[in-house]
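Chemist: Starting off with a structure, shown below.
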Amino acid sequence: MPDLTGKFALVTGSSRGIGRGIALELARAGAHVAVHYRRERASAEATAEEIRALGRRTAVVEADVSEWEQVRRMADTVLTEFGRLDIVVANSGVASRPAPVWELDIDHWHKVIAVDLHGAFYTCRATVGHLVKQGSGVVILVSSIGADLCAPFGAPYYAAKAAVNALTKTLAKECAPAGVRVNAIAPGLIHTDMGERLIRAHGESLLATIPLGRAGTPEEIGKAAAFLASDDAAFITGKILRIDGGAWM
């Protein structure tokens, strides 16, 4: 297991799903983890309780990541609580409602872009300067293989995640001189609320597109995040790690 003993992390969108899986795996590797949520405080508290049970410190913070001032206040709260940050995971995201581009609701387009892209940017904007100043740290953005597949009827989500990939590479180049590494994880189909809806809608036909024949788990994404956050990945930056059972090759 990667060793993150004594590190301090913030994981956005960690009350459930992939974010929860990442938060718990970072804690199992030794990190103290701040849990972020937007609406589901009870779920966030449950995640935090599991982190405490592992003997780690935690904090529960609320913010709408599509709003800059809320993200800035969230980062300030975590830095005050922990005193420093070593690992930042920008995971928050929402899915698109299926529609062709010419029928997309304009407000829905802006909502998805605001959360999935602006939220990732705001999280980095509020935290990465501290990592650069201290001369160490790791940033992980959560993208999607949807940015590669670009299937029909999901343009807002896929466009946002493709932009997250570009942000990852740009930020990695900007941070490298300070010793700060930046990578992205691009999950495929994962057993989350979003993933389960897709499985119910498409069934075996969807699983048939995955060479390994199954959906992944949040814990598997979390283990990859713990690796990227650790010194085991000290020579890895600017990469998009696709974890998808072989769906995109």
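Chain labels follow the order of the structure tokens: the first chain is A, the next B, and so on; residue numbering restarts at 1 in every chain, and ligands are counted from 1 in their shown order.
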Running DSSP on the backbone, which parts of range 2-188 of chain A land in alpha helix (DSSP H), as an MDAnalysis selection string?
Modeler: chainID A and resid 17:28 41:53 68:82 106:113 119:134 146:149 155:175
Chemist: Excluding range 35-51 of chain A and its own-chain neighbours fewer than 4 positions away, which residues fall within 12 Å of it when counting only C-alpha atoms? Please give them as a VMD selection string.
Modeler: chain A and resid 8 to 31 55 to 67 70 to 71 74 to 75 77 to 78 88 to 94 115 119 123
Chemist: Please provide the set of residues having any atom within 12 Å of Ala176 in chain A, restricted to only C-alpha atoms, with same-chain residues fewer than 2 positions apart removed, written as a list of chain:residue names.
Modeler: A:Val128, A:Leu131, A:Val132, A:Gly135, A:Ser136, A:Gly137, A:Val138, A:Val139, A:Thr168, A:Lys169, A:Thr170, A:Leu171, A:Ala172, A:Lys173, A:Glu174, A:Ala178, A:Gly179, A:Val180, A:Arg181, A:Val182, A:Asn183, A:Ala234, A:Phe235, A:Ile236, A:Thr237, A:Gly238
Chemist: Can you list every residue in range 53-222 of chain A that DSSP puts in strand (DSSP E), as a PyMOL selection string?
Modeler: chain A and resi 58-62+87-90+137-142+180-187
Chemist: Atoms to include: C-alpha atoms. Write the selected residues as a PDB file, in the first residue's frame.
Modeler:
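So the final result, stored in part_4.pdb, reads:
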ATOM      1  CA  THR A  58     -10.917  14.860   9.235  1.00  0.00           C
ATOM      2  CA  ALA A  59     -13.053  17.923   8.627  1.00  0.00           C
ATOM      3  CA  VAL A  60     -16.437  18.200   6.918  1.00  0.00           C
ATOM      4  CA  VAL A  61     -16.853  21.194   4.622  1.00  0.00           C
ATOM      5  CA  GLU A  62     -19.760  22.409   2.513  1.00  0.00           C
ATOM      6  CA  ILE A  87      -3.062  16.414  -1.619  1.00  0.00           C
ATOM      7  CA  VAL A  88      -5.936  18.049  -3.503  1.00  0.00           C
ATOM      8  CA  VAL A  89      -8.476  15.925  -5.367  1.00  0.00           C
ATOM      9  CA  ALA A  90     -10.946  17.798  -7.594  1.00  0.00           C
ATOM     10  CA  GLY A 137       2.158  18.457  -3.085  1.00  0.00           C
ATOM     11  CA  VAL A 138      -0.031  16.500  -5.457  1.00  0.00           C
ATOM     12  CA  VAL A 139      -3.131  17.481  -7.402  1.00  0.00           C
ATOM     13  CA  ILE A 140      -5.483  14.879  -8.852  1.00  0.00           C
ATOM     14  CA  LEU A 141      -8.385  15.849 -11.095  1.00  0.00           C
ATOM     15  CA  VAL A 142     -11.142  13.354 -11.854  1.00  0.00           C
ATOM     16  CA  VAL A 180       4.126  19.807  -7.392  1.00  0.00           C
ATOM     17  CA  ARG A 181       2.710  16.951  -9.481  1.00  0.00           C
ATOM     18  CA  VAL A 182      -0.635  17.078 -11.296  1.00  0.00           C
ATOM     19  CA  ASN A 183      -2.444  14.107 -12.837  1.00  0.00           C
ATOM     20  CA  ALA A 184      -5.968  13.103 -13.766  1.00  0.00           C
ATOM     21  CA  ILE A 185      -7.884   9.879 -13.267  1.00  0.00           C
ATOM     22  CA  ALA A 186     -10.412   9.118 -16.008  1.00  0.00           C
ATOM     23  CA  PRO A 187     -12.792   6.415 -14.764  1.00  0.00           C
TER      24      PRO A 187
END
